[in-house]
Amino acid sequence: MTDPMTYGRYLALDQLLSAQHPISDEHDELLFIVIHQTKELWLKQMIAELEVALDLVRGDRLVEAYKGLARVSRIQAVMTLSWEILTTMTPSDYTRFRDVLGTSSGFQSDQFRAVETMLGLRGGGVPGPLTERYGAAPSLWDEANAALARAGFDLPEAALRRDWAKPYEADPAVEAAWAQVYREPETHWELYQLAEKLVDIDDALATWRHKHVLTVTRVIGMKPGTGGTPGASYLQSTLTKRAFPELWSLRTLL
């Protein structure tokens with residue numbers, strides 16, 4: 001006889017709640033672990049949503065893609081808010097257990113790098129299996145540009161057929177095509193709404209990066225990060241990154 005399904009069994013709470021293993025005896029280490037494990041769970045959900053969105057955009061089912069893209073930006077907002085919890089941990093609290101992290105670093109998160117890669121930000125970081133897998137295929141920005149071309153807009157071959165593993169380079173012709181969408185939103189409503197959903201995600205990612213820098217600076221100042229990473233100085237250098245650059249620059253043209 002099969003045991004009835006319970007809340008704990010369905011969510012695998014025995015495994016989930018036993019997955020936190022502080023190495024030190026410091027109270028704040030548990031918070032540090034829970035915060036980062038939670039982020040990884042949200043990143044897993046973001047990847048699942050982006051996989052569906054990529055397929056939908058590739059199939060010109062743009063309206064259906066909006067829901068998943070909106071969900072991604074809302075998940076990003078929750079992840080950004082979680083930095084507020086971590087700021088309750090003072091520099092004194094963190095230094096009491098920081099040494100147990102050894103060479104581990106959030107810089108090594110394959111899921112975070114995979115999300116960036118799926119959006120269109122490629123190169124840099126520590127590539128893992130997921131990053132390499134998604135880096136071999138068109139990004140969400142590549143698929144959006146392909147959809148734009150299929151809708152009759154004149155896009156250069158360099159934007160449509162390129163080495164997907166290489167970083168994307170902004171193109172004035174791509175900017176001009178998307179600017180036309182924004183000039184005539186009623187005529188190109190589905191593409192216009194797709195573009196705004198993408199800007200929501202880029203905006204949320206920039207906000208996440210900014211709060212990350214503030215949190216790291218508040219906790220460790222300008223000291224190097226764990227694992228030999230540059231710490232806050234590197235994070236500051238990422239603040240200008242945009243996954244969909246032409247959607248930002250076109251605003252100057254309108």
# chains A, B, ... in the order shown; residues from 1 in each chain; ligands from 1

$ residues_around --residues "range 133-139 of chain A" --least-positions-apart "6" --cutoff "6 Å" --atoms "only C-alpha atoms" --output "PDB file with C-alpha atoms, in the first residue's frame"
ATOM      1  CA  THR A 117      24.540  33.113 -21.166  1.00  0.00           C
ATOM      2  CA  MET A 118      20.919  32.320 -22.002  1.00  0.00           C
ATOM      3  CA  LEU A 119      20.077  36.028 -21.983  1.00  0.00           C
ATOM      4  CA  GLY A 120      22.991  36.959 -24.249  1.00  0.00           C
ATOM      5  CA  TRP A 164      26.997  31.841 -30.782  1.00  0.00           C
ATOM      6  CA  ALA A 165      29.742  31.150 -28.242  1.00  0.00           C
TER       7      ALA A 165
END

$ select_by_dssp --residues "range 74-230 of chain A" --states "alpha helix (DSSP H)" --output "ChimeraX atom specification"
/A:74-86,91-95,110-119,129-135,140-150,157-160,172-183,189-220

$ atom_distance --atom1 "CA of Trp178 in chain A" --atom2 "CA of Asp202 in chain A"
16.0 Å

$ closest_residue --among "A:Arg251, A:Arg209, A:Lys197, A:His188" --to "Ala65 in chain A" --atoms "only C-alpha atoms"
A:Lys197

$ closest_residue --among "A:Arg242, A:Arg71, A:Arg218, A:Lys223" --to "Thr90 in chain A" --atoms "only C-alpha atoms"
A:Arg218

$ closest_residue --among "A:Leu81, A:Leu43, A:Ala147, A:Ala170" --to "Arg113 in chain A" --atoms "only C-alpha atoms"
A:Leu43

$ residues_around --residues "Phe153 in chain A" --least-positions-apart "6" --cutoff "12 Å" --atoms "only C-alpha atoms" --output "mmCIF file with C-alpha atoms, in the first residue's frame"
data_model
loop_
_atom_site.group_PDB
_atom_site.id
_atom_site.type_symbol
_atom_site.label_atom_id
_atom_site.label_comp_id
_atom_site.auth_asym_id
_atom_site.auth_seq_id
_atom_site.Cartn_x
_atom_site.Cartn_y
_atom_site.Cartn_z
ATOM 1 C CA ALA A 144 14.539 37.957 -30.501
ATOM 2 C CA ASN A 145 16.581 39.398 -33.358
ATOM 3 C CA ALA A 146 15.767 36.375 -35.517
ATOM 4 C CA ALA A 147 12.064 36.900 -34.804
ATOM 5 C CA LEU A 160 21.635 36.414 -37.463
ATOM 6 C CA ALA A 173 21.342 48.135 -37.909
ATOM 7 C CA VAL A 174 19.812 46.075 -35.093
ATOM 8 C CA GLU A 175 19.312 49.258 -33.104
ATOM 9 C CA ALA A 176 17.593 50.936 -36.076
ATOM 10 C CA ALA A 177 15.245 47.981 -36.598
ATOM 11 C CA TRP A 178 14.128 47.876 -32.978
ATOM 12 C CA ALA A 179 13.802 51.671 -32.988
ATOM 13 C CA GLN A 180 11.292 51.297 -35.817
ATOM 14 C CA VAL A 181 9.290 48.898 -33.633
ATOM 15 C CA HIS A 188 4.392 45.905 -34.198
ATOM 16 C CA LEU A 191 7.582 42.704 -30.863
#

$ atom_distance --atom1 "CA of Leu194 in chain A" --atom2 "CA of Ala70 in chain A"
10.1 Å

$ residues_around --residues "Gly231 in chain A" --least-positions-apart "6" --cutoff "9 Å" --atoms "only C-alpha atoms" --output "PDB file with C-alpha atoms, in the first residue's frame"
ATOM      1  CA  VAL A 213      28.011  45.511  -4.916  1.00  0.00           C
ATOM      2  CA  VAL A 216      29.631  43.086  -0.543  1.00  0.00           C
ATOM      3  CA  THR A 217      31.119  46.536   0.112  1.00  0.00           C
ATOM      4  CA  ILE A 220      33.933  43.219   3.412  1.00  0.00           C
ATOM      5  CA  GLY A 221      34.740  46.655   2.007  1.00  0.00           C
ATOM      6  CA  MET A 222      37.227  46.535  -0.872  1.00  0.00           C
ATOM      7  CA  LYS A 223      39.019  43.390   0.308  1.00  0.00           C
ATOM      8  CA  PRO A 224      39.447  40.569  -2.248  1.00  0.00           C
ATOM      9  CA  GLY A 225      36.632  38.056  -2.423  1.00  0.00           C
TER      10      GLY A 225
END

$ residues_around --residues "range 13-24 of chain A" --least-positions-apart "4" --cutoff "12 Å" --atoms "only C-alpha atoms" --output "list in words"
Thr6, Tyr7, Gly8, Arg9, Asp28, Glu29, Leu30, Leu31, Phe32, Ile33, Val34, Ile35, His36, Gln37, Thr38, Leu41, Asp93, Tyr94, Thr95, Arg96, Phe97, Arg98, Asp99, Val100, Leu101 and Gly102 of chain A

$ atom_distance --atom1 "CA of Glu186 in chain A" --atom2 "CA of Glu157 in chain A"
27.2 Å

$ closest_residue --among "A:Glu116, A:Glu84, A:Glu184, A:Asp25" --to "Trp141 in chain A" --atoms "only C-alpha atoms"
A:Glu116
